[in-house]
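Novice: Input structure: work_26.csv, which contains CSV, C-alpha atoms.
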chain,number,residue,atom,x,y,z
A,147,MET,CA,19.0,-13.1,-25.0
A,148,SER,CA,19.9,-16.6,-24.0
A,149,ALA,CA,17.6,-18.9,-22.0
A,150,ARG,CA,18.3,-18.0,-18.4
A,151,PRO,CA,17.4,-19.7,-15.1
A,152,LEU,CA,14.1,-18.6,-13.6
A,153,SER,CA,13.0,-18.9,-10.1
A,154,PRO,CA,10.8,-19.7,-8.2
A,155,HIS,CA,9.8,-23.0,-9.7
A,156,LEU,CA,6.3,-22.8,-8.3
A,157,SER,CA,4.9,-25.9,-10.0
A,158,VAL,CA,7.2,-28.4,-8.3
A,159,TYR,CA,6.0,-27.6,-4.8
A,160,ARG,CA,3.1,-29.2,-2.9
A,161,PHE,CA,0.6,-26.5,-2.0
A,162,MET,CA,0.8,-25.1,1.5
A,163,TYR,CA,-1.4,-22.4,2.9
A,164,THR,CA,1.7,-20.3,3.6
A,165,MET,CA,2.0,-19.9,-0.2
A,166,ALA,CA,-1.5,-18.4,-0.3
A,167,LEU,CA,-0.4,-15.8,2.2
A,168,SER,CA,2.6,-15.0,0.1
A,169,ILE,CA,0.6,-14.3,-3.1
A,170,LEU,CA,-2.1,-12.5,-1.0
A,171,HIS,CA,0.5,-10.0,0.2
A,172,ARG,CA,1.0,-9.0,-3.4
A,173,ILE,CA,-2.7,-9.0,-4.3
A,174,THR,CA,-3.6,-6.9,-1.3
A,175,GLY,CA,-0.7,-4.5,-2.1
A,176,LEU,CA,-2.1,-4.0,-5.6
A,177,LEU,CA,-5.6,-3.4,-4.2
A,178,LEU,CA,-4.2,-0.9,-1.7
A,179,SER,CA,-2.4,1.0,-4.5
A,180,ILE,CA,-5.8,1.5,-6.1
A,181,GLY,CA,-7.1,2.5,-2.7
A,182,LEU,CA,-4.4,5.2,-2.6
A,183,LEU,CA,-6.5,7.0,-5.2
A,184,VAL,CA,-9.4,7.2,-2.7
A,185,LEU,CA,-7.2,8.6,0.0
A,186,ILE,CA,-5.9,11.3,-2.3
A,187,TYR,CA,-9.4,12.0,-3.6
A,188,TRP,CA,-10.6,12.4,0.1
A,189,LEU,CA,-7.8,14.8,0.9
A,190,MET,CA,-8.3,16.8,-2.3
A,191,SER,CA,-12.0,17.1,-1.7
A,192,ALA,CA,-11.4,18.4,1.8
A,193,SER,CA,-8.9,21.0,0.5
A,194,LEU,CA,-11.4,22.3,-2.1
A,195,GLY,CA,-14.0,23.3,0.5
A,196,GLU,CA,-17.2,22.2,2.3
A,197,LEU,CA,-19.3,21.7,-0.8
A,198,SER,CA,-16.8,19.5,-2.5
A,199,TYR,CA,-16.2,17.5,0.7
A,200,GLY,CA,-20.0,17.0,1.0
A,201,GLY,CA,-20.0,15.5,-2.5
A,202,ALA,CA,-17.1,13.2,-1.7
A,203,VAL,CA,-18.9,12.0,1.5
A,204,THR,CA,-22.1,11.3,-0.4
A,205,PHE,CA,-20.1,9.3,-3.0
A,206,LEU,CA,-18.0,7.4,-0.5
A,207,SER,CA,-20.9,6.5,1.8
A,208,ALA,CA,-23.0,4.9,-1.0
A,209,PRO,CA,-23.7,1.2,-0.2
A,210,LEU,CA,-21.5,-0.1,-3.0
A,211,PHE,CA,-18.6,2.1,-1.8
A,212,ARG,CA,-19.0,1.0,1.8
A,213,VAL,CA,-18.5,-2.6,0.7
A,214,LEU,CA,-15.4,-1.5,-1.2
A,215,LEU,CA,-14.1,0.4,1.8
A,216,LEU,CA,-14.5,-2.6,4.0
A,217,GLY,CA,-12.6,-4.6,1.4
A,218,TRP,CA,-9.8,-2.0,1.4
A,219,LEU,CA,-9.7,-2.1,5.2
A,220,LEU,CA,-9.3,-5.9,5.1
A,221,ALA,CA,-6.6,-5.6,2.5
A,222,PHE,CA,-4.8,-3.0,4.6
A,223,ALA,CA,-5.1,-5.0,7.9
A,224,TYR,CA,-3.8,-8.1,6.1
A,225,HIS,CA,-0.9,-6.2,4.3
A,226,LEU,CA,0.0,-4.5,7.6
A,227,CYS,CA,0.1,-7.8,9.7
A,228,ASN,CA,1.8,-9.9,7.0
A,229,GLY,CA,4.2,-7.0,6.3
A,230,ILE,CA,5.4,-7.1,9.9
A,231,ARG,CA,5.9,-10.9,9.4
A,232,HIS,CA,8.0,-10.2,6.3
A,233,LEU,CA,10.0,-7.5,8.1
A,234,LEU,CA,10.7,-9.9,11.0
A,235,TRP,CA,11.9,-12.5,8.5
A,236,ASP,CA,14.2,-9.9,7.0
A,237,VAL,CA,16.0,-9.6,10.3
A,238,GLY,CA,16.1,-13.4,10.6
A,239,ILE,CA,13.2,-14.0,13.1
A,240,GLY,CA,10.6,-16.8,12.7
A,241,PHE,CA,12.1,-18.6,9.7
A,242,GLU,CA,11.5,-22.2,11.1
A,243,LYS,CA,8.7,-24.0,9.3
A,244,HIS,CA,6.5,-24.4,12.4
A,245,GLN,CA,7.1,-20.7,13.2
A,246,ALA,CA,6.1,-19.5,9.7
A,247,ARG,CA,2.9,-21.7,9.9
A,248,ALA,CA,2.0,-20.4,13.3
A,249,SER,CA,2.6,-16.8,12.3
A,250,ALA,CA,0.4,-17.3,9.2
A,251,TRP,CA,-2.5,-18.1,11.4
A,252,LEU,CA,-1.7,-15.2,13.7
A,253,VAL,CA,-1.7,-12.8,10.7
A,254,ILE,CA,-5.1,-14.1,9.6
A,255,ILE,CA,-6.7,-13.7,13.0
A,256,ALA,CA,-5.1,-10.3,13.7
A,257,ALA,CA,-6.2,-9.0,10.2
A,258,LEU,CA,-9.8,-10.2,10.8
A,259,LEU,CA,-9.9,-8.6,14.3
A,260,ILE,CA,-8.5,-5.2,13.1
A,261,THR,CA,-11.0,-5.3,10.2
A,262,ALA,CA,-13.9,-6.1,12.5
A,263,ILE,CA,-13.1,-3.4,15.1
A,264,ALA,CA,-12.1,-0.6,12.7
A,265,GLY,CA,-14.9,-1.6,10.2
A,266,TYR,CA,-17.5,-1.3,13.0
A,267,LEU,CA,-16.2,2.1,14.0
A,268,LEU,CA,-15.7,3.5,10.5
A,269,LEU,CA,-18.7,1.9,8.7
A,270,GLY,CA,-20.9,0.6,11.4
A,271,PRO,CA,-24.5,1.5,12.3
A,272,ALA,CA,-23.4,4.8,14.0
A,273,THR,CA,-22.0,6.2,10.7
A,274,VAL,CA,-25.0,5.4,8.4
A,275,ASN,CA,-26.6,8.7,7.3
A,276,PRO,CA,-30.2,9.2,8.4
B,277,MET,CA,39.7,-19.7,-21.9
B,278,SER,CA,36.2,-18.9,-23.0
B,279,LEU,CA,35.5,-17.3,-26.3
B,280,ARG,CA,32.2,-16.0,-25.0
B,281,SER,CA,32.3,-12.2,-24.6
B,282,PRO,CA,31.8,-10.8,-21.1
B,283,LEU,CA,28.8,-8.8,-22.5
B,284,ALA,CA,27.0,-12.1,-23.6
B,285,THR,CA,27.4,-13.4,-20.0
B,286,VAL,CA,25.7,-10.5,-18.3
B,287,LEU,CA,23.1,-9.5,-21.0
B,288,GLY,CA,19.6,-9.8,-19.6
B,289,ARG,CA,20.6,-10.3,-16.0
B,290,GLY,CA,20.0,-6.7,-14.9
B,291,THR,CA,22.5,-4.1,-13.8
B,292,GLY,CA,23.5,-5.7,-10.5
B,293,ARG,CA,23.3,-2.2,-9.0
B,294,ASN,CA,19.7,-1.2,-8.4
B,295,ALA,CA,18.3,-4.4,-6.9
B,296,VAL,CA,19.7,-4.0,-3.4
B,297,GLN,CA,18.7,-0.4,-3.2
B,298,HIS,CA,15.1,-1.3,-4.4
B,299,TRP,CA,14.9,-4.0,-1.7
B,300,TRP,CA,16.2,-1.7,1.0
B,301,VAL,CA,14.0,1.3,0.2
B,302,GLN,CA,11.0,-1.1,0.0
B,303,ARG,CA,11.8,-2.2,3.6
B,304,MET,CA,12.5,1.3,4.9
B,305,THR,CA,9.2,2.7,3.5
B,306,ALA,CA,7.4,-0.4,4.9
B,307,LEU,CA,8.9,0.3,8.4
B,308,ALA,CA,8.0,4.0,8.2
B,309,LEU,CA,4.4,3.1,7.2
B,310,LEU,CA,3.8,1.0,10.3
B,311,PRO,CA,3.4,3.9,12.7
B,312,LEU,CA,2.1,6.3,10.0
B,313,THR,CA,-0.8,4.1,8.7
B,314,VAL,CA,-1.7,3.0,12.3
B,315,TRP,CA,-1.8,6.7,13.2
B,316,LEU,CA,-4.1,7.5,10.3
B,317,LEU,CA,-6.4,4.6,11.1
B,318,ALA,CA,-6.5,5.5,14.8
B,319,GLY,CA,-7.4,9.1,13.8
B,320,LEU,CA,-10.0,8.1,11.3
B,321,VAL,CA,-12.0,5.8,13.6
B,322,ARG,CA,-12.3,8.6,16.2
B,323,LEU,CA,-13.4,11.3,13.7
B,324,PRO,CA,-16.9,12.1,12.6
B,325,LEU,CA,-15.9,11.7,9.0
B,326,THR,CA,-19.0,13.3,7.5
B,327,ASP,CA,-18.3,16.6,9.3
B,328,PHE,CA,-16.1,18.9,7.1
B,329,ALA,CA,-15.2,21.4,9.9
B,330,THR,CA,-14.0,18.7,12.3
B,331,VAL,CA,-12.1,16.7,9.7
B,332,THR,CA,-10.2,19.7,8.3
B,333,ALA,CA,-9.5,21.0,11.9
B,334,TRP,CA,-8.0,17.6,12.7
B,335,ILE,CA,-5.9,17.5,9.6
B,336,SER,CA,-4.6,21.0,10.5
B,337,LEU,CA,-4.0,20.2,14.2
B,338,GLY,CA,-0.4,20.4,15.6
B,339,TRP,CA,1.9,17.9,13.9
B,340,ASN,CA,-0.9,16.3,11.9
B,341,PRO,CA,-0.2,18.1,8.6
B,342,VAL,CA,3.5,17.0,8.8
B,343,LEU,CA,2.5,13.3,9.6
B,344,MET,CA,-0.2,13.4,6.8
B,345,SER,CA,2.2,14.8,4.2
B,346,LEU,CA,4.8,12.2,5.2
B,347,LEU,CA,2.2,9.4,5.0
B,348,VAL,CA,1.2,10.5,1.5
B,349,LEU,CA,4.8,10.7,0.3
B,350,VAL,CA,5.9,7.4,1.8
B,351,LEU,CA,2.7,5.6,0.8
B,352,CYS,CA,3.2,6.7,-2.8
B,353,TRP,CA,6.9,5.7,-2.7
B,354,HIS,CA,6.1,2.2,-1.3
B,355,SER,CA,3.2,1.7,-3.7
B,356,SER,CA,5.4,2.8,-6.7
B,357,LEU,CA,8.1,0.2,-5.7
B,358,GLY,CA,5.5,-2.5,-5.3
B,359,ILE,CA,3.7,-1.8,-8.6
B,360,GLN,CA,7.1,-1.8,-10.3
B,361,VAL,CA,7.9,-5.3,-9.1
B,362,ILE,CA,4.4,-6.6,-10.2
B,363,LEU,CA,4.8,-5.1,-13.7
B,364,GLU,CA,8.4,-6.5,-14.0
B,365,ASP,CA,7.2,-9.9,-13.0
B,366,TYR,CA,4.0,-10.3,-15.0
B,367,VAL,CA,4.2,-8.0,-18.1
B,368,HIS,CA,6.4,-9.9,-20.5
B,369,SER,CA,6.3,-7.7,-23.5
B,370,SER,CA,9.2,-5.3,-23.2
B,371,ALA,CA,7.5,-2.3,-24.9
B,372,ALA,CA,4.4,-2.6,-22.8
B,373,ARG,CA,6.4,-3.1,-19.6
B,374,THR,CA,8.5,-0.1,-20.2
B,375,LEU,CA,5.4,2.0,-21.0
B,376,LEU,CA,3.6,0.8,-17.9
B,377,LEU,CA,6.6,1.4,-15.7
B,378,VAL,CA,6.9,5.0,-16.8
B,379,LEU,CA,3.2,5.6,-16.5
B,380,SER,CA,3.1,4.1,-13.0
B,381,ARG,CA,6.1,6.2,-11.9
B,382,PHE,CA,4.5,9.4,-13.3
B,383,MET,CA,1.1,8.5,-11.7
B,384,HIS,CA,2.7,8.0,-8.3
B,385,VAL,CA,4.6,11.3,-8.4
B,386,LEU,CA,1.4,13.0,-9.4
B,387,LEU,CA,-0.6,11.4,-6.6
B,388,ALA,CA,2.1,12.4,-4.0
B,389,ALA,CA,2.2,16.0,-5.2
B,390,THR,CA,-1.6,16.2,-5.2
B,391,GLY,CA,-1.9,14.7,-1.8
B,392,ILE,CA,0.8,16.9,-0.2
B,393,TYR,CA,-0.6,20.0,-1.9
B,394,ALA,CA,-4.1,19.2,-0.5
B,395,VAL,CA,-2.8,18.7,3.0
B,396,LEU,CA,-0.8,22.0,3.0
B,397,HIS,CA,-3.8,23.8,1.5
B,398,ILE,CA,-6.1,22.5,4.3
B,399,ALA,CA,-3.5,23.3,7.0
B,400,LEU,CA,-2.5,26.7,5.8
B,401,ARG,CA,-6.0,28.0,5.1
B,402,SER,CA,-7.4,27.5,8.6
As a first step, turn the structure in this file into structure tokens.

Specialist:
Amino acid sequence: MSARPLSPHLSVYRFMYTMALSILHRITGLLLSIGLLVLIYWLMSASLGELSYGGAVTFLSAPLFRVLLLGWLLAFAYHLCNGIRHLLWDVGIGFEKHQARASAWLVIIAALLITAIAGYLLLGPATVNP
Amino acid sequence: MSLRSPLATVLGRGTGRNAVQHWWVQRMTALALLPLTVWLLAGLVRLPLTDFATVTAWISLGWNPVLMSLLVLVLCWHSSLGIQVILEDYVHSSAARTLLLVLSRFMHVLLAATGIYAVLHIALRS
């Protein structure tokens, strides 16, 4: 196979925070693919009956797993918001530099807000087992 | 006239057939996942997740089994396409890449089948 042109030539660009958002989309996507296992485990345990579901709840509500679930929630919120940004780009909206930089901040703020609200409702003090 | 064979020109550049379809399906599954994942999150935050009876009743309620099965299917599809790109970009050994691509595809089909089976089992039992 001959040497063929490769892109993108990452090392020739000055770093911009929009680049961090770009690679974060991929990283959060990978994390969410692992989180998919938890969703299927949750459904499967519910289908196997009350005893099995109780075991899954005990496992998933352990302190370590609560931290992981919060991480997955943040990854989901980010991937969702930045995914909308990518879909809008695909139809040609928001391509100007100043727009892409503004939408980057919008994505970060929205992702943190969603994580805070959903995280409080899902994993907050009301859900901790007595 | 070039003495370079047409085959040498295209070798290693992909088939030129699957890329657009991959791109398009990636976007269509993304679009479908917007309402589906927001629906799931909105459902989860309102449920007492530790309560088996309430959770299974919610999964069985009305259109919920259909939406949940669709969510599992589209999620696995979208994830499969994403992992495929990551493997193609970062795993440079051809043998390892092919093996991982096949494993990933099998794993995603298994996950989708398991998830949909679980949802139907919950919905049809109650």

Novice: Which is closest to chain B among A:Asn228, A:Leu268, A:Ile260, A:Phe205, if we use all atoms listed in the file?

Specialist: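 Under the stated criterion, the closest residue is A:Leu268.
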
Novice: Need the shell around Trp218 in chain A: protein/DNA/RNA residues with any atom at most 10 Å away, counting all atoms listed in the file. Skip same-chain ones fewer than 6 positions apart. Format as a list in words?

Specialist: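 Residues meeting the cut-off are Thr174, Leu177, Leu178, Ser179, Ile180, Gly181, Leu182, Arg212, Tyr224 and Thr261 of chain A.
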
Novice: What are the residues of chain A that have an atom within 6 Å of an atom of chain B, counting all atoms listed in the file, as a list in words?

Specialist: Ser179, Ile186, Leu189, Met190, Ser193, Glu196, Leu267 and Leu268 of chain A

Novice: Between A:Val158, A:Tyr163, A:His171, A:Leu214, which has the minimum distance to Arg247 in chain A (counting all atoms listed in the file)?

Specialist: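 Among the listed residues, the smallest separation from Arg247 in chain A belongs to A:Tyr163.
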
Novice: What does the distance from CA of Gln302 in chain B to CA of Trp353 in chain B come to in Å, to one decimal?

Specialist: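 Going from CA of Gln302 in chain B over to CA of Trp353 in chain B, I get 8.4 Å.
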
Novice: Here is a test: counting only C-alpha atoms, which residue of A:Val253, A:Leu194, A:Leu269, A:Leu185 is nearest to His225 in chain A?

Specialist: A:Val253

Novice: Calculate how many Å separate CA of Leu233 in chain A from CA of Leu258 in chain A, rounding to one decimal.

Specialist: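 Interatomic distance here is 20.2 Å.
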
Novice: When you draw a straight line from CA of Met162 in chain A to CA of Ile239 in chain A, how long is it in Å?

Specialist: 20.3 Å

Novice: Residues near Leu206 in chain A, anyone? I mean within 9 Å using all atoms listed in the file, not counting same-chain ones fewer than 4 positions away, as an MDAnalysis selection string.

Specialist: chainID A and resid 184 188 201:202 210:212 215

Novice: Which residue out of A:Leu219, A:Leu226, A:Ala257, A:Leu252 has the minimum interatomic distance to Leu312 in chain B when all atoms listed in the file are used?

Specialist: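 Nearest candidate to Leu312 in chain B out of A:Leu219, A:Leu226, A:Ala257, A:Leu252: A:Leu226.
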
Novice: From the options A:Ile169, A:His232, A:Ile254, A:Val237, which residue's atoms come nearest to Leu220 in chain A, counting all atoms listed in the file?

Specialist: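 Looking only at the distances to Leu220 in chain A, the closest residue turns out to be A:Ile254.
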
Novice: For each of A:Ala262, A:Ile255, A:Met165, A:Ala272, take the minimum atom-to-atom distance to Cys227 in chain A, counting only C-alpha atoms, then give the residue where this is smallest.

Specialist: A:Ile255
